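Okay, so here's the structure we're looking at.
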Amino acid sequence: MARKVAVIGAGVSGLISLKCCVEEGLEPTCFERTEDIGGLWRFKEHVEEGRASIYHSVITNTSKEMSCFSDFPMPEDFPNFLHNSKLLEYFRIFAKKFDLLKYIQFQTTVLSVKKLPDFPSSGQWEVVTQSHGQERREVFDAVMVCSGHHIIPNIPLDSFPGIEKFKGQYFHSRQYKHPVGFEGKRILVIGIGNSAADIAAELSKKAAQVFISTRHGSWVMSRISEDGYPWDMVFHTRFSSMLRNVLPRTVVKWMTEQQLNQWFNHENYGLEPQNKYLMKEPILNDDLPSRILYGAIKVKPRIKALTETAAIFEDDTVEEDIDIIVFATGYTFSFPFLEDSLVSVENNMVSLYKFMFPPQLEKPTLACIGLIQPLGSIFPTVELQARWVTRVFKGLCSLPSKNTMMADIINRNEKRTDLFGKSQSQILQTNYVDYLDELALEIGAKPDITSLLFKDPKLAVKLYFGPCNSYQYRLVGPGKWEGARNAIFTQKQRILKPLKTRALKHSSRFPSPFLLKVLGLFTLIVAFFFHFQWF
């Protein structure tokens, strides 16, 4: 059984991994190359080598009730979608509550992680670190890699003929921090992910003109859904997930198209996805359609070539006087401290069992946490990953044979390709609720809704038709939290608390739409009556 665990990185994955290690009685040591916690979500004014970078205005795309850790709800006065500084505040509260900082060695870089000569029997690793110029070697029973995958920018310059002639400025979206200095410029943003949409919308308020170049288009969603509730509270339910799994793909495609086009017609805005059968991650952006509507942003097709000052697109249109190009073209991932064979990408497939375990290891004592892109919040996802991994390290859960794991990796990749496509950006994509349930089943934390129908029918209905949030995975099994049921039933209260900042008089007993219908029916009856009285 593993005892000493090395945790690499003190971002969200690292913090929850520390907590899970402590809960399982393991002895973690976290190595963080910077001076503070937070990882991706800690904004810095300048880009730092080897560290994730965000722009100042970043807001979460998943709501607080769907993003909090399973036994630690966010404060009810926190907004539903958090600015990066507010989310970092939550991480600080979390780290203090569970006394996690004492396990972290800051300003310590991991240089290498290598198997010991007796690894087949011991499963141990030699971890070499560097801090303040001093190298240190330590032996650990297990390793949790939590260093993230938004560090190495992907800039495919070979795909843009003429880029070497372009006289303007170009850079990856990783370099972008705020709109200051872009006033009056003509800017071309390449890509159609969340960063591309955020940056384009923000720059369009300062720039002379912003263009977005996209090859495939994308669905765009608002953070606001039915009755003003956060989108993910409505979208991510077990019932909805079941429908998407059992209905024919053509029906799901049609339903998705109808739902997403209710806000605005994507075809009219030049955003309609090229392949609507793929369940690719939509953009979450409340500003983009309006910025397009009044011309501040223009959507263009793929770039065919660049000149010294212009962009030529595949429809042969030309935009002159381009000052700046922003490559919002995603990231590649790499773990320079690991042997290449441990985490490999071949044919757009990551060879990790359930996105975590290298199947070729004689002992399952190394796992990647957070190397995944769920169609939902990453925070509950990495928490369940860490809960399972630490129980595997402790010997309480076991992995199948290498052949079984490889078969699962191949099968999962085929399904992923079928659902999300072969794009580089979709390598780590997975369904949300299905994956959470899959992990919860491994540790015995998946709620039995059929059983609950008889024991606690009110809760069962809430679990099946309500939001599938992290509290559900603390109702049963290891780490059961007595406050889980109450957290589920009080989530609406925490959603509404930051919204109700103006005292209102109680509304009438019946909602106004109901009254209008009654009055309308009464008017029709009166008109009908007088019509026949007249004759």
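As shown in the structure tokens, the chain order sets the letters A, B, ...; within each chain, residues go from 1, and ligands are also counted from 1 in the order they appear.
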Please provide as a ChimeraX atom specification all residues within 12 Å of range 150-163 of chain A, with the sequence filter that same-chain residues fewer than 4 positions apart are discarded (counting only C-alpha atoms). /A:11,39-41,47-54,146,167-175,190-191,195,213,215,302-314,324-336,370-373,424-425
Please list as a VMD selection string every residue within 9 Å of Val234 in chain A, counting only C-alpha atoms and excluding residues in the same chain fewer than 6 positions away. chain A and resid 225 to 226 240 466 to 467
Using the selection just defined, write its residues with C-alpha atoms as a short mmCIF file (atom, residue, chain, number, x, y, z; two decimals), in the first residue's frame.
```
data_model
loop_
_atom_site.label_atom_id
_atom_site.label_comp_id
_atom_site.auth_asym_id
_atom_site.auth_seq_id
_atom_site.Cartn_x
_atom_site.Cartn_y
_atom_site.Cartn_z
CA SER A 225 -31.15 29.59 -19.11
CA GLU A 226 -34.82 28.89 -18.32
CA SER A 240 -31.51 15.00 -19.82
CA GLY A 466 -32.68 18.22 -10.81
CA PRO A 467 -29.11 19.41 -11.40
#
```
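Between Ser222 in chain A and the residues A:Pro282, A:Gly193, A:Gly395, A:Pro364, the shortest atom-to-atom distance, using only C-alpha atoms, involves A:Pro282.
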Would you mind telling me which residue in A:Asp323, A:Asp77, A:Asp437, A:Glu339 lies nearest to Lys500 in chain A when using only C-alpha atoms? A:Asp77
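Residue nearest Ser70 in chain A within the list A:Leu419, A:Ile16, A:Ala460, A:Gln262: A:Ile16 [criterion: smallest interatomic distance, only C-alpha atoms].
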Env of Cys30 in chain A: 12 Å cut, atoms = only C-alpha atoms, seq-sep filter 6 positions within chain, self excluded. Answer as a PyMOL selection string. chain A and resi 4-11+13-19+21+36-37+100-110+127+129+140+143-147
Once you have the residues from the selection above, write them out as a JSON list (two decimals), in the first residue's frame, restricted to N, CA and C atoms.
```json
[["chain", "number", "residue", "atom", "x", "y", "z"],
["A", 4, "LYS", "N", 3.53, 7.50, 1.05],
["A", 4, "LYS", "CA", 4.02, 8.82, 0.67],
["A", 4, "LYS", "C", 3.60, 9.11, -0.78],
["A", 5, "VAL", "N", 2.91, 10.24, -0.96],
["A", 5, "VAL", "CA", 2.40, 10.58, -2.29],
["A", 5, "VAL", "C", 2.92, 11.96, -2.70],
["A", 6, "ALA", "N", 3.51, 12.03, -3.89],
["A", 6, "ALA", "CA", 3.93, 13.31, -4.45],
["A", 6, "ALA", "C", 2.79, 13.87, -5.30],
["A", 7, "VAL", "N", 2.41, 15.10, -5.02],
["A", 7, "VAL", "CA", 1.36, 15.80, -5.78],
["A", 7, "VAL", "C", 2.04, 16.94, -6.53],
["A", 8, "ILE", "N", 1.96, 16.93, -7.85],
["A", 8, "ILE", "CA", 2.67, 17.93, -8.66],
["A", 8, "ILE", "C", 1.69, 19.01, -9.12],
["A", 9, "GLY", "N", 1.80, 20.19, -8.51],
["A", 9, "GLY", "CA", 0.94, 21.32, -8.86],
["A", 9, "GLY", "C", -0.06, 21.62, -7.76],
["A", 10, "ALA", "N", -0.26, 22.92, -7.47],
["A", 10, "ALA", "CA", -1.19, 23.33, -6.41],
["A", 10, "ALA", "C", -2.34, 24.16, -6.97],
["A", 11, "GLY", "N", -2.78, 23.79, -8.18],
["A", 11, "GLY", "CA", -4.00, 24.37, -8.72],
["A", 11, "GLY", "C", -5.19, 23.63, -8.15],
["A", 13, "SER", "N", -6.70, 20.91, -9.16],
["A", 13, "SER", "CA", -6.50, 19.46, -9.10],
["A", 13, "SER", "C", -5.57, 19.09, -7.95],
["A", 14, "GLY", "N", -4.53, 19.89, -7.76],
["A", 14, "GLY", "CA", -3.59, 19.61, -6.68],
["A", 14, "GLY", "C", -4.21, 19.78, -5.31],
["A", 15, "LEU", "N", -5.01, 20.82, -5.14],
["A", 15, "LEU", "CA", -5.63, 21.07, -3.83],
["A", 15, "LEU", "C", -6.57, 19.94, -3.45],
["A", 16, "ILE", "N", -7.43, 19.53, -4.38],
["A", 16, "ILE", "CA", -8.39, 18.48, -4.04],
["A", 16, "ILE", "C", -7.67, 17.14, -3.88],
["A", 17, "SER", "N", -6.58, 16.95, -4.59],
["A", 17, "SER", "CA", -5.80, 15.72, -4.42],
["A", 17, "SER", "C", -5.18, 15.66, -3.03],
["A", 18, "LEU", "N", -4.70, 16.79, -2.55],
["A", 18, "LEU", "CA", -4.17, 16.85, -1.18],
["A", 18, "LEU", "C", -5.23, 16.46, -0.17],
["A", 19, "LYS", "N", -6.41, 17.03, -0.31],
["A", 19, "LYS", "CA", -7.50, 16.74, 0.62],
["A", 19, "LYS", "C", -7.86, 15.25, 0.59],
["A", 21, "CYS", "N", -5.95, 12.75, -0.31],
["A", 21, "CYS", "CA", -4.85, 11.98, 0.29],
["A", 21, "CYS", "C", -4.98, 11.97, 1.81],
["A", 36, "ASP", "N", 2.38, 30.57, -4.97],
["A", 36, "ASP", "CA", 1.02, 30.60, -4.43],
["A", 36, "ASP", "C", 0.17, 29.49, -5.05],
["A", 37, "ILE", "N", -1.01, 29.28, -4.48],
["A", 37, "ILE", "CA", -1.94, 28.29, -5.00],
["A", 37, "ILE", "C", -2.81, 28.91, -6.10],
["A", 100, "LEU", "N", -4.57, 22.72, 4.18],
["A", 100, "LEU", "CA", -3.81, 22.08, 3.11],
["A", 100, "LEU", "C", -2.45, 22.73, 2.83],
["A", 101, "LEU", "N", -2.29, 24.00, 3.20],
["A", 101, "LEU", "CA", -1.06, 24.72, 2.84],
["A", 101, "LEU", "C", 0.19, 24.10, 3.45],
["A", 102, "LYS", "N", 0.02, 23.44, 4.57],
["A", 102, "LYS", "CA", 1.21, 22.86, 5.24],
["A", 102, "LYS", "C", 1.82, 21.72, 4.45],
["A", 103, "TYR", "N", 1.09, 21.20, 3.46],
["A", 103, "TYR", "CA", 1.62, 20.10, 2.65],
["A", 103, "TYR", "C", 2.30, 20.59, 1.38],
["A", 104, "ILE", "N", 2.30, 21.91, 1.14],
["A", 104, "ILE", "CA", 2.78, 22.44, -0.13],
["A", 104, "ILE", "C", 4.18, 23.05, 0.01],
["A", 105, "GLN", "N", 5.07, 22.66, -0.89],
["A", 105, "GLN", "CA", 6.40, 23.28, -0.99],
["A", 105, "GLN", "C", 6.38, 24.22, -2.19],
["A", 106, "PHE", "N", 6.31, 25.52, -1.91],
["A", 106, "PHE", "CA", 6.22, 26.52, -2.97],
["A", 106, "PHE", "C", 7.59, 26.78, -3.60],
["A", 107, "GLN", "N", 7.54, 27.38, -4.80],
["A", 107, "GLN", "CA", 8.75, 27.69, -5.56],
["A", 107, "GLN", "C", 9.67, 26.48, -5.69],
["A", 108, "THR", "N", 9.03, 25.37, -5.97],
["A", 108, "THR", "CA", 9.75, 24.11, -6.12],
["A", 108, "THR", "C", 9.33, 23.48, -7.45],
["A", 109, "THR", "N", 10.27, 23.30, -8.34],
["A", 109, "THR", "CA", 10.01, 22.74, -9.67],
["A", 109, "THR", "C", 10.37, 21.27, -9.70],
["A", 110, "VAL", "N", 9.49, 20.46, -10.27],
["A", 110, "VAL", "CA", 9.77, 19.03, -10.43],
["A", 110, "VAL", "C", 10.57, 18.86, -11.72],
["A", 127, "VAL", "N", 11.60, 11.21, -7.26],
["A", 127, "VAL", "CA", 11.19, 12.54, -7.69],
["A", 127, "VAL", "C", 12.32, 13.52, -7.42],
["A", 129, "THR", "N", 13.54, 17.36, -7.50],
["A", 129, "THR", "CA", 13.00, 18.72, -7.49],
["A", 129, "THR", "C", 14.12, 19.74, -7.37],
["A", 140, "PHE", "N", 9.01, 8.33, -3.44],
["A", 140, "PHE", "CA", 7.59, 8.34, -3.11],
["A", 140, "PHE", "C", 6.93, 7.04, -3.54],
["A", 143, "VAL", "N", 2.49, 8.92, -7.22],
["A", 143, "VAL", "CA", 2.58, 10.27, -7.78],
["A", 143, "VAL", "C", 1.24, 10.66, -8.40],
["A", 144, "MET", "N", 0.79, 11.89, -8.11],
["A", 144, "MET", "CA", -0.40, 12.45, -8.73],
["A", 144, "MET", "C", 0.03, 13.67, -9.54],
["A", 145, "VAL", "N", -0.13, 13.58, -10.86],
["A", 145, "VAL", "CA", 0.29, 14.67, -11.75],
["A", 145, "VAL", "C", -0.89, 15.63, -11.91],
["A", 146, "CYS", "N", -0.75, 16.83, -11.38],
["A", 146, "CYS", "CA", -1.84, 17.82, -11.36],
["A", 146, "CYS", "C", -1.40, 19.15, -11.96],
["A", 147, "SER", "N", -0.55, 19.08, -12.96],
["A", 147, "SER", "CA", 0.07, 20.30, -13.49],
["A", 147, "SER", "C", -0.69, 20.96, -14.62]]
```
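Here CA of Ile224 in chain A and CA of Gly376 in chain A stand 15.1 Å from one another.
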